[in-house]
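The file work-v3.txt contains compact mmCIF, C-alpha atoms and all ligand atoms:
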# COMPACT_ATOMS: atom_id res chain seq x y z
CA MET H 95 6.25 -9.43 18.05
CA THR H 96 3.32 -7.25 17.04
CA ALA H 97 0.20 -9.41 16.77
CA PHE H 98 -1.31 -9.86 13.29
CA ILE H 99 -4.61 -8.11 12.74
CA ARG H 100 -6.86 -10.15 10.51
CA ASP H 101 -10.14 -9.08 8.92
CA GLN H 102 -8.46 -6.09 7.28
CA TRP H 103 -7.38 -4.98 3.81
CA TYR H 104 -3.66 -5.12 3.08
CA VAL H 105 -1.62 -4.08 0.07
CA ALA H 106 -0.66 -7.33 -1.65
CA ALA H 107 1.02 -5.82 -4.71
CA TYR H 108 1.14 -2.85 -7.03
CA ALA H 109 -1.49 -3.13 -9.74
CA HIS H 110 1.25 -3.32 -12.37
CA GLU H 111 2.79 -6.38 -10.67
CA VAL H 112 -0.37 -8.43 -11.07
CA GLY H 113 -0.75 -9.75 -14.60
CA ARG H 114 -0.78 -12.92 -16.60
CA THR H 115 2.17 -14.46 -14.78
CA PRO H 116 1.26 -16.02 -11.40
CA LEU H 117 2.67 -13.98 -8.50
CA GLY H 118 3.12 -15.38 -4.98
CA ARG H 119 3.07 -13.27 -1.82
CA THR H 120 2.83 -14.35 1.83
CA LEU H 121 0.34 -12.12 3.65
CA LEU H 122 -0.01 -12.48 7.44
CA GLY H 123 1.53 -15.92 7.14
CA GLU H 124 -0.85 -17.03 4.38
CA PRO H 125 0.55 -17.93 0.95
CA VAL H 126 -1.49 -16.03 -1.65
CA LEU H 127 -1.48 -16.41 -5.43
CA LEU H 128 -2.25 -13.31 -7.50
CA TYR H 129 -3.02 -13.06 -11.21
CA ARG H 130 -5.38 -11.37 -13.66
CA THR H 131 -8.13 -12.98 -15.68
CA GLU H 132 -8.08 -12.39 -19.43
CA ASP H 133 -10.50 -9.48 -19.00
CA GLY H 134 -8.15 -7.85 -16.46
CA ARG H 135 -9.79 -8.72 -13.16
CA PRO H 136 -7.34 -9.37 -10.29
CA VAL H 137 -7.73 -12.72 -8.53
CA ALA H 138 -6.32 -13.82 -5.15
CA LEU H 139 -6.37 -17.50 -4.21
CA ALA H 140 -4.57 -19.71 -1.70
CA ASP H 141 -1.17 -20.42 -3.21
CA ARG H 142 -1.11 -24.13 -2.34
CA CYS H 143 -2.55 -26.88 -4.49
CA VAL H 144 -5.01 -29.00 -2.50
CA HIS H 145 -3.37 -32.18 -3.82
CA ARG H 146 0.21 -32.11 -2.47
CA ARG H 147 0.50 -28.41 -1.58
CA PHE H 148 2.63 -27.40 -4.55
CA PRO H 149 2.74 -23.56 -4.85
CA LEU H 150 0.61 -22.44 -7.77
CA SER H 151 2.81 -19.35 -8.18
CA GLU H 152 5.83 -21.58 -8.77
CA LYS H 153 6.87 -22.71 -12.24
CA PRO H 154 5.88 -24.90 -14.03
CA SER H 155 2.42 -23.97 -12.66
CA ARG H 156 0.81 -21.73 -15.26
CA LEU H 157 -2.31 -19.94 -16.38
CA ASP H 158 -4.60 -21.46 -18.98
CA GLY H 159 -7.08 -18.71 -19.86
CA ASP H 160 -8.65 -17.71 -16.56
CA ARG H 161 -7.63 -20.97 -14.90
CA VAL H 162 -4.48 -21.92 -13.05
CA VAL H 163 -2.88 -25.31 -13.69
CA CYS H 164 -0.72 -26.82 -10.94
CA GLY H 165 2.77 -27.50 -12.22
CA TYR H 166 3.15 -30.74 -10.30
CA HIS H 167 0.29 -33.06 -11.42
CA GLY H 168 -2.07 -30.76 -13.23
CA PHE H 169 -4.96 -30.03 -10.84
CA THR H 170 -6.71 -27.09 -12.49
CA TYR H 171 -8.66 -24.34 -10.71
CA GLY H 172 -11.03 -21.61 -11.83
CA PRO H 173 -10.72 -18.00 -10.63
CA ASP H 174 -13.31 -18.77 -7.91
CA GLY H 175 -10.91 -21.39 -6.51
CA ARG H 176 -12.99 -24.37 -7.57
CA CYS H 177 -11.09 -27.35 -8.95
CA VAL H 178 -12.33 -28.08 -12.48
CA SER H 179 -10.02 -30.88 -13.51
CA VAL H 180 -7.82 -33.56 -11.93
CA PRO H 181 -5.61 -36.04 -13.78
CA GLY H 182 -6.66 -39.65 -14.45
CA GLN H 183 -10.30 -39.48 -13.33
CA ARG H 184 -13.56 -37.72 -14.11
CA ARG H 185 -14.74 -37.36 -10.52
CA ILE H 186 -13.51 -34.21 -8.84
CA PRO H 187 -13.42 -34.49 -5.02
CA ARG H 188 -15.92 -32.15 -3.43
CA THR H 189 -13.32 -30.60 -1.13
CA ALA H 190 -10.99 -29.73 -4.01
CA ARG H 191 -11.23 -26.00 -3.65
CA LEU H 192 -8.76 -23.19 -3.00
CA THR H 193 -9.63 -20.45 -0.52
CA GLY H 194 -10.47 -17.28 -2.44
CA TYR H 195 -9.66 -13.86 -1.01
CA PRO H 196 -11.65 -10.66 -1.58
CA VAL H 197 -9.64 -8.31 -3.83
CA VAL H 198 -9.93 -4.61 -4.59
CA GLU H 199 -7.86 -2.64 -7.05
CA GLN H 200 -7.60 0.93 -5.81
CA ASP H 201 -5.07 3.77 -6.09
CA ALA H 202 -2.44 1.72 -7.98
CA PHE H 203 -2.54 -1.05 -5.36
CA VAL H 204 -4.08 -4.50 -5.36
CA TRP H 205 -5.55 -4.91 -1.87
CA VAL H 206 -6.41 -8.31 -0.41
CA TRP H 207 -8.71 -8.95 2.55
CA ILE H 208 -7.12 -11.36 4.99
CA GLY H 209 -9.53 -12.88 7.46
CA ASP H 210 -12.64 -14.99 7.75
CA ARG H 211 -15.18 -12.22 8.17
CA ASP H 212 -16.82 -10.82 5.03
CA PRO H 213 -15.50 -7.31 4.29
CA GLY H 214 -19.03 -6.22 3.34
CA ASP H 215 -18.91 -2.58 2.24
CA THR H 216 -15.58 -1.93 3.93
CA LEU H 217 -13.05 -0.54 1.50
CA PRO H 218 -9.32 0.02 2.00
CA PRO H 219 -8.17 3.52 3.01
CA ARG H 220 -7.39 5.82 0.08
CA ALA H 221 -4.14 7.08 -1.43
CA PRO H 222 -5.58 8.83 -4.51
CA TRP H 223 -2.34 10.62 -5.48
CA LEU H 224 -0.87 7.34 -6.72
CA ASP H 225 -3.33 7.17 -9.56
CA SER H 226 -3.91 10.83 -10.38
CA PRO H 227 -3.01 12.80 -13.53
CA ASP H 228 -2.04 15.75 -11.28
CA HIS H 229 0.82 13.83 -9.73
CA THR H 230 3.93 12.01 -10.84
CA VAL H 231 4.81 8.94 -8.81
CA VAL H 232 7.90 6.88 -8.06
CA SER H 233 7.44 3.68 -6.10
CA GLY H 234 8.89 0.35 -5.08
CA MET H 235 8.71 -2.44 -2.54
CA GLU H 236 11.39 -3.64 -0.17
CA PRO H 237 11.07 -6.78 1.92
CA LEU H 238 12.03 -6.18 5.54
CA ASP H 239 13.43 -8.79 7.94
CA ALA H 240 11.59 -7.22 10.82
CA ASP H 241 8.26 -7.20 12.61
CA TYR H 242 5.84 -4.76 10.96
CA GLY H 243 5.48 -2.95 14.31
CA LEU H 244 9.06 -1.72 13.96
CA LEU H 245 8.19 -0.11 10.62
CA VAL H 246 5.13 1.55 12.17
CA ASP H 247 7.30 2.95 14.99
CA ASN H 248 9.85 4.16 12.47
CA LEU H 249 7.38 5.97 10.24
CA LEU H 250 5.50 7.63 13.07
CA ASP H 251 8.61 9.22 14.53
CA LEU H 252 10.34 11.21 11.82
CA SER H 253 12.90 12.69 14.21
CA HIS H 254 15.06 9.80 13.00
CA GLU H 255 15.38 11.60 9.65
CA THR H 256 17.95 13.90 11.21
CA TYR H 257 20.22 11.01 12.15
CA LEU H 258 19.48 8.08 9.88
CA HIS H 259 18.71 10.13 6.74
CA GLY H 260 21.05 13.10 7.17
CA GLY H 261 22.19 14.36 3.74
CA TYR H 262 18.95 13.10 2.13
CA ILE H 263 15.78 14.21 3.92
CA GLY H 264 17.05 14.95 7.43
CA THR H 265 18.10 18.34 8.77
CA PRO H 266 18.63 19.40 12.43
CA GLU H 267 15.22 21.13 12.56
CA VAL H 268 13.29 17.86 12.17
CA ALA H 269 14.60 16.44 15.44
CA GLU H 270 14.48 19.86 17.15
CA THR H 271 10.85 20.72 16.37
CA PRO H 272 8.20 19.31 18.72
CA ILE H 273 5.26 17.33 17.34
CA THR H 274 1.55 17.39 17.96
CA THR H 275 -0.31 14.10 18.05
CA GLU H 276 -4.01 13.38 17.61
CA VAL H 277 -5.65 10.02 17.84
CA ASP H 278 -8.99 9.17 16.29
CA GLU H 279 -9.83 6.02 18.22
CA LYS H 280 -12.99 5.31 16.26
CA SER H 281 -11.55 5.43 12.77
CA ARG H 282 -8.17 4.17 14.05
CA VAL H 283 -6.15 6.99 12.60
CA VAL H 284 -3.11 8.51 14.29
CA ARG H 285 -2.07 11.99 13.16
CA VAL H 286 1.35 13.41 13.93
CA SER H 287 2.30 16.90 12.77
CA ARG H 288 5.53 18.81 12.78
CA HIS H 289 5.60 22.32 11.33
CA MET H 290 8.98 23.94 10.84
CA ASP H 291 8.83 27.69 10.12
CA ASP H 292 12.40 28.23 9.10
CA ALA H 293 14.44 25.17 8.29
CA ALA H 294 17.33 24.10 6.10
CA CYS H 295 16.19 22.55 2.80
CA PRO H 296 17.49 18.97 2.58
CA PRO H 297 18.87 17.74 -0.78
CA PHE H 298 15.74 15.63 -1.40
CA TYR H 299 13.69 18.83 -1.74
CA ALA H 300 16.40 21.27 -2.88
CA GLU H 301 17.27 19.20 -5.95
CA SER H 302 13.71 18.27 -6.85
CA THR H 303 12.11 21.72 -6.39
CA GLY H 304 15.06 24.00 -7.16
CA ILE H 305 14.62 25.89 -3.87
CA THR H 306 17.99 27.31 -2.83
CA GLY H 307 17.29 29.03 0.51
CA ARG H 308 15.57 28.10 3.75
CA ILE H 309 12.08 26.66 3.83
CA THR H 310 8.93 26.31 5.81
CA ARG H 311 8.41 22.58 6.03
CA HIS H 312 5.27 20.79 7.16
CA GLN H 313 5.09 17.08 7.89
CA ASP H 314 1.55 15.88 8.50
CA ILE H 315 1.31 12.16 9.09
CA GLU H 316 -1.89 10.13 8.88
CA TYR H 317 -1.51 6.51 9.89
CA HIS H 318 -4.53 4.35 9.09
CA ALA H 319 -3.95 1.34 11.30
CA PRO H 320 -2.85 -1.23 10.49
CA CYS H 321 -2.08 -1.03 6.80
CA LEU H 322 -1.55 2.44 5.33
CA TYR H 323 0.70 5.36 6.20
CA LEU H 324 0.46 8.77 4.54
CA LEU H 325 2.87 11.66 4.97
CA HIS H 326 1.57 14.93 3.56
CA SER H 327 4.75 16.91 3.06
CA ARG H 328 4.74 20.58 2.10
CA VAL H 329 7.78 22.75 1.49
CA ALA H 330 7.97 26.41 0.44
CA PRO H 331 10.68 29.08 0.48
CA VAL H 332 10.41 31.02 3.75
CA GLY H 333 7.94 33.92 3.35
CA THR H 334 6.43 32.74 0.03
CA ASP H 335 3.76 30.33 1.11
CA GLU H 336 1.83 30.48 -2.12
CA ARG H 337 4.68 28.72 -3.92
CA ALA H 338 4.39 25.55 -1.89
CA PHE H 339 5.48 22.19 -3.29
CA HIS H 340 3.60 19.12 -2.14
CA VAL H 341 4.85 15.59 -1.83
CA GLU H 342 2.63 12.74 -0.71
CA VAL H 343 4.63 9.89 0.74
CA VAL H 344 2.69 6.63 0.94
CA TYR H 345 3.61 3.38 2.65
CA GLY H 346 1.63 0.16 2.42
CA ILE H 347 2.63 -1.79 5.52
CA THR H 348 1.92 -5.49 5.04
CA PRO H 349 3.00 -8.12 7.56
CA SER H 350 4.30 -11.14 5.65
CA THR H 351 5.48 -13.56 8.35
CA GLU H 352 6.01 -12.91 12.06
CA HIS H 353 9.50 -11.65 11.27
CA THR H 354 9.15 -10.20 7.78
CA THR H 355 7.23 -7.31 6.27
CA TYR H 356 6.52 -5.92 2.81
CA ASP H 357 7.42 -2.25 2.74
CA PHE H 358 5.55 -0.71 -0.22
CA TRP H 359 6.76 2.86 -0.67
CA ALA H 360 5.65 5.58 -3.05
CA VAL H 361 6.34 9.28 -3.50
CA ALA H 362 3.84 11.42 -5.44
CA ARG H 363 4.64 15.03 -6.29
CA ASP H 364 2.55 17.89 -7.68
CA PHE H 365 5.42 19.76 -9.41
CA ALA H 366 7.82 19.16 -12.32
CA LEU H 367 5.39 16.48 -13.46
CA ASP H 368 7.13 15.75 -16.77
CA ASP H 369 10.69 16.31 -15.65
CA GLN H 370 12.39 12.92 -16.02
CA LYS H 371 15.49 14.12 -14.17
CA VAL H 372 13.39 14.97 -11.12
CA THR H 373 11.63 11.61 -11.36
CA ASP H 374 14.94 9.72 -11.56
CA PHE H 375 16.40 11.75 -8.72
CA LEU H 376 13.43 11.18 -6.41
CA ARG H 377 13.31 7.46 -7.21
CA GLU H 378 17.00 7.03 -6.47
CA SER H 379 16.97 9.28 -3.42
CA ASN H 380 13.88 7.77 -1.84
CA HIS H 381 15.09 4.25 -2.51
CA THR H 382 18.30 5.12 -0.67
CA VAL H 383 16.27 6.48 2.26
CA VAL H 384 14.06 3.36 2.33
CA MET H 385 17.16 1.15 2.33
CA GLN H 386 18.64 3.13 5.22
CA ASP H 387 15.49 2.27 7.17
CA VAL H 388 15.54 -1.36 6.02
CA VAL H 389 19.17 -1.83 7.14
CA ALA H 390 18.47 -0.12 10.48
CA LEU H 391 15.26 -2.04 11.19
CA ASN H 392 16.84 -5.38 10.23
CA ALA H 393 19.67 -4.61 12.67
CA LEU H 394 17.18 -3.53 15.34
CA GLN H 395 15.17 -6.73 14.93
CA LYS H 396 18.33 -8.82 15.30
CA ALA H 397 19.24 -6.94 18.45
CA LEU H 398 15.74 -7.33 19.93
CA ASP H 399 15.81 -11.06 19.16
CA THR H 400 18.75 -11.47 21.53
CA GLU H 401 17.14 -9.49 24.37
CA PRO H 402 15.74 -11.43 27.30
CA PRO H 403 11.91 -11.29 27.44
CA GLY H 404 10.47 -8.26 29.21
CA TYR H 405 13.22 -5.85 28.18
CA GLN H 406 12.62 -2.22 29.01
CA GLU H 407 12.34 0.64 26.55
CA LEU H 408 12.43 4.31 27.43
CA SER H 409 9.98 6.58 25.62
CA ILE H 410 10.00 10.38 25.29
CA ASN H 411 7.79 13.01 23.63
CA ILE H 412 8.79 12.05 20.07
CA ASP H 413 7.30 8.60 20.67
CA THR H 414 3.75 9.81 21.32
CA GLY H 415 2.52 8.88 17.82
CA GLY H 416 4.24 5.50 17.82
CA LEU H 417 2.87 4.64 21.25
CA ALA H 418 -0.65 5.62 20.17
CA ALA H 419 -0.30 3.39 17.11
CA ARG H 420 0.87 0.48 19.25
CA ARG H 421 -2.15 0.94 21.54
CA ILE H 422 -4.55 0.91 18.59
CA LEU H 423 -2.88 -2.15 17.05
CA ALA H 424 -3.01 -4.02 20.37
CA ARG H 425 -6.69 -3.15 20.77
CA MET H 426 -7.53 -4.25 17.23
CA ALA H 427 -5.65 -7.53 17.72
CA ALA H 428 -7.61 -8.22 20.89
CA GLU H 429 -11.02 -7.64 19.26
CA PRO H 430 -13.06 -10.83 18.96
CA ALA H 431 -13.19 -12.29 15.45
S1 LIG H 501 0.48 -30.92 -6.03
FE1 LIG H 501 -0.77 -29.89 -7.43
S2 LIG H 501 -1.48 -31.43 -8.73
FE2 LIG H 501 -0.28 -32.48 -7.29
FE FE H 502 13.14 6.62 7.73
What is this structure when it is put down as structure tokens?
Amino acid sequence: MTAFIRDQWYVAAYAHEVGRTPLGRTLLGEPVLLYRTEDGRPVALADRCVHRRFPLSEKPSRLDGDRVVCGYHGFTYGPDGRCVSVPGQRRIPRTARLTGYPVVEQDAFVWVWIGDRDPGDTLPPRAPWLDSPDHTVVSGMEPLDADYGLLVDNLLDLSHETYLHGGYIGTPEVAETPITTEVDEKSRVVRVSRHMDDAACPPFYAESTGITGRITRHQDIEYHAPCLYLLHSRVAPVGTDERAFHVEVVYGITPSTEHTTYDFWAVARDFALDDQKVTDFLRESNHTVVMQDVVALNALQKALDTEPPGYQELSINIDTGGLAARRILARMAAEPA
């Protein structure tokens, strides 16, 4: 499995998912409770009552103002995690406190810092298109029964679009066109670019943009290890570059357990902003594409689980970005806490 990298920001939820109903997510193996205070501030606390470990995101646990009341015997906690009331006695044990996690709401995501180190001034990487009036966004989240490293591999090598996503976003030119890869070791960003000068327009772009002929198609990937993947996608009819359409594809990659991952996906476009038909089409189409990946990665994980340890892979040019990402992830995991 790919080692967890703690002391990092991870997408825990979309901002709209965090409200006045307790929400439970498991992030890097840690159960986390998310909710909003009455004035709208997101809160992230350990999702296990200190008394008998009942999940505070599980009914009948509930919010009482800014506090959360355990549904089992009523231990009550403030948004700082401190226990403020226990049943049957006035004295509150000193150790009755939930771990609190640093939280940032940014670009339509609620990010949680998992780790023991203080994040200080460190902020999560940006995906400003998700919260911009110049873009229209469709998004969702799919749980994956696979190691998050398999999703990183998948997203960094888009040649699979031709095979796994043919008829949606794949055309022969994607697999045929070589990539260039750049690695910024210091900021831990891997960039993979593929520029197609004259390519077929896949249905995903033909139906959403109305382009009928062939296109120039640019795929510029920026992977901010370990948690955020951006694909800057640009399509234009061949020979008319000024009429380019831009799509920003964003993935929040959040390890949940050793074998499961939250796959937060979003597609932001800068055209047909108010066209509901385009919005519905892109939501449906991208969801189908995400599910094709989910089914494939779940099957891949199952296959890998039956391999004897030390199995061999064979890598080629298309894997350059994925291999660079693996190297960065391994290095980050090995860094002292
Ligand atoms: S388990 Fe929460 S109050 Fe007992
Ligand atoms: Fe895919």
Inset, instruction - Considering all atoms listed in the file, return as number ranges by chain whatever protein or nucleic-acid residues lie within 12 Å of region 149-159 of chain H, sequence-local ones (same chain, fewer than 4 positions apart) excluded. - result: H: 112-120, 124-134, 137-145, 163-173, 175, 192
Inset, instruction - Set the cut-off to 12 Å, count all atoms listed in the file, and list whatever residues fall near ligand FE 502 (chain H) as a PyMOL selection string. - result: chain H and resi 244-260+262-264+325+343+345+357+359+380-391
Inset, instruction - Just the residues within 10 Å of Pro272 (chain H), please, counting only C-alpha atoms, with nothing from its chain fewer than 5 positions along; format it as a PyMOL selection string. - result: chain H and resi 253+267+287-290+411-412
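Among the candidates H:Ser179, H:Thr265, H:Thr414, H:Thr96, the one nearest to ligand LIG 501 (chain H) when counting all atoms listed in the file is H:Ser179.
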Legend entry - Residue contacts of Trp223 (chain H) (8 Å, all atoms listed in the file) excluding same-chain residues fewer than 5 positions away, as a list in words: Asp201, Asp228, His229, Glu342 and Ala362 of chain H
Residue selection dump (C-alpha atoms) as an mmCIF file, keeping the file's coordinate frame:
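again_19.cif, written as the output of this step:
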data_model
loop_
_atom_site.group_PDB
_atom_site.id
_atom_site.type_symbol
_atom_site.label_atom_id
_atom_site.label_comp_id
_atom_site.auth_asym_id
_atom_site.auth_seq_id
_atom_site.Cartn_x
_atom_site.Cartn_y
_atom_site.Cartn_z
ATOM 1 C CA ASP H 201 -5.070 3.770 -6.090
ATOM 2 C CA ASP H 228 -2.040 15.750 -11.280
ATOM 3 C CA HIS H 229 0.820 13.830 -9.730
ATOM 4 C CA GLU H 342 2.630 12.740 -0.710
ATOM 5 C CA ALA H 362 3.840 11.420 -5.440
#
Ligand LIG 501 (chain H), all listed atoms, 5 Å padding on each side: what axis-aligned box centre and edge lengths in Å to one decimal come out, as lines of an AutoDock Vina configuration file?
center_x = -0.5
center_y = -31.2
center_z = -7.4
size_x = 12.0
size_y = 12.6
size_z = 12.7
Legend entry - Shortest interatomic distance to ligand LIG 501 (chain H) - which of H:Ala190, H:Glu111, H:Tyr242, H:Ala360, counting all atoms listed in the file: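 Once distances to ligand LIG 501 (chain H) are computed over all atoms listed in the file, the minimum belongs to H:Ala190.
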Inset, instruction - Mind listing whatever residues come within 6 Å of the point (1.8, 9.8, 12.9)? Use all atoms listed in the file, file coordinates, and give them as a VMD selection string. - result: chain H and resid 250 284 to 286 315 to 317 415
Inset, instruction - Tell me which protein, DNA and RNA residues are within 8 Å of Gly209 (chain H), counting only C-alpha atoms, leaving out same-chain ones fewer than 6 positions away, and put them as number ranges by chain. - result: H: 100-102
Inset, instruction - Write out as an MDAnalysis selection string the residues lying within 9 Å of Ala418 (chain H), counting all atoms listed in the file and excluding same-chain residues fewer than 2 positions away. - result: chainID H and resid 275:277 284 413:416 420:423
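Relative to CA of Leu376 (chain H), CA of Glu199 (chain H) is found at 25.4 Å.
Here CA of Phe339 (chain H) and CA of Leu367 (chain H) stand 11.7 Å from one another.
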Legend entry - Sphere at (9.7, 22.4, 5.7), radius 12 Å, counting all atoms listed in the file: residues as a ChimeraX atom specification: /H:263-268,271,287-296,298-300,305,307-314,326-333,335,338-341
Inset, instruction - Mind giving me the straight-line distance from atom S1 of ligand LIG 501 (chain H) to CA of Phe148 (chain H) in Å, one decimal? - result: 4.4 Å
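Minimum atom-to-atom distances from H:Pro349, H:Ala424, H:Val180, H:Gly261 to ligand LIG 501 (chain H) were compared using all atoms listed in the file, and the lowest value belongs to H:Val180.
Between ligand LIG 501 (chain H) and the residues H:Tyr356, H:Val178, H:Thr334, H:Ala97, the shortest atom-to-atom distance, using only C-alpha atoms and all ligand atoms, involves H:Val178.
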Legend entry - For ligand LIG 501 (chain H), the nearest of the candidates H:Ala109, H:Leu324, H:Pro237, H:Arg191, counting all atoms listed in the file: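 The closest residue to ligand LIG 501 (chain H) is H:Arg191.
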Inset, instruction - Have a look at H:Trp103, H:Cys321, H:Asp160, H:Gly182 and name the one nearest to ligand LIG 501 (chain H); count all atoms listed in the file. - result: H:Gly182
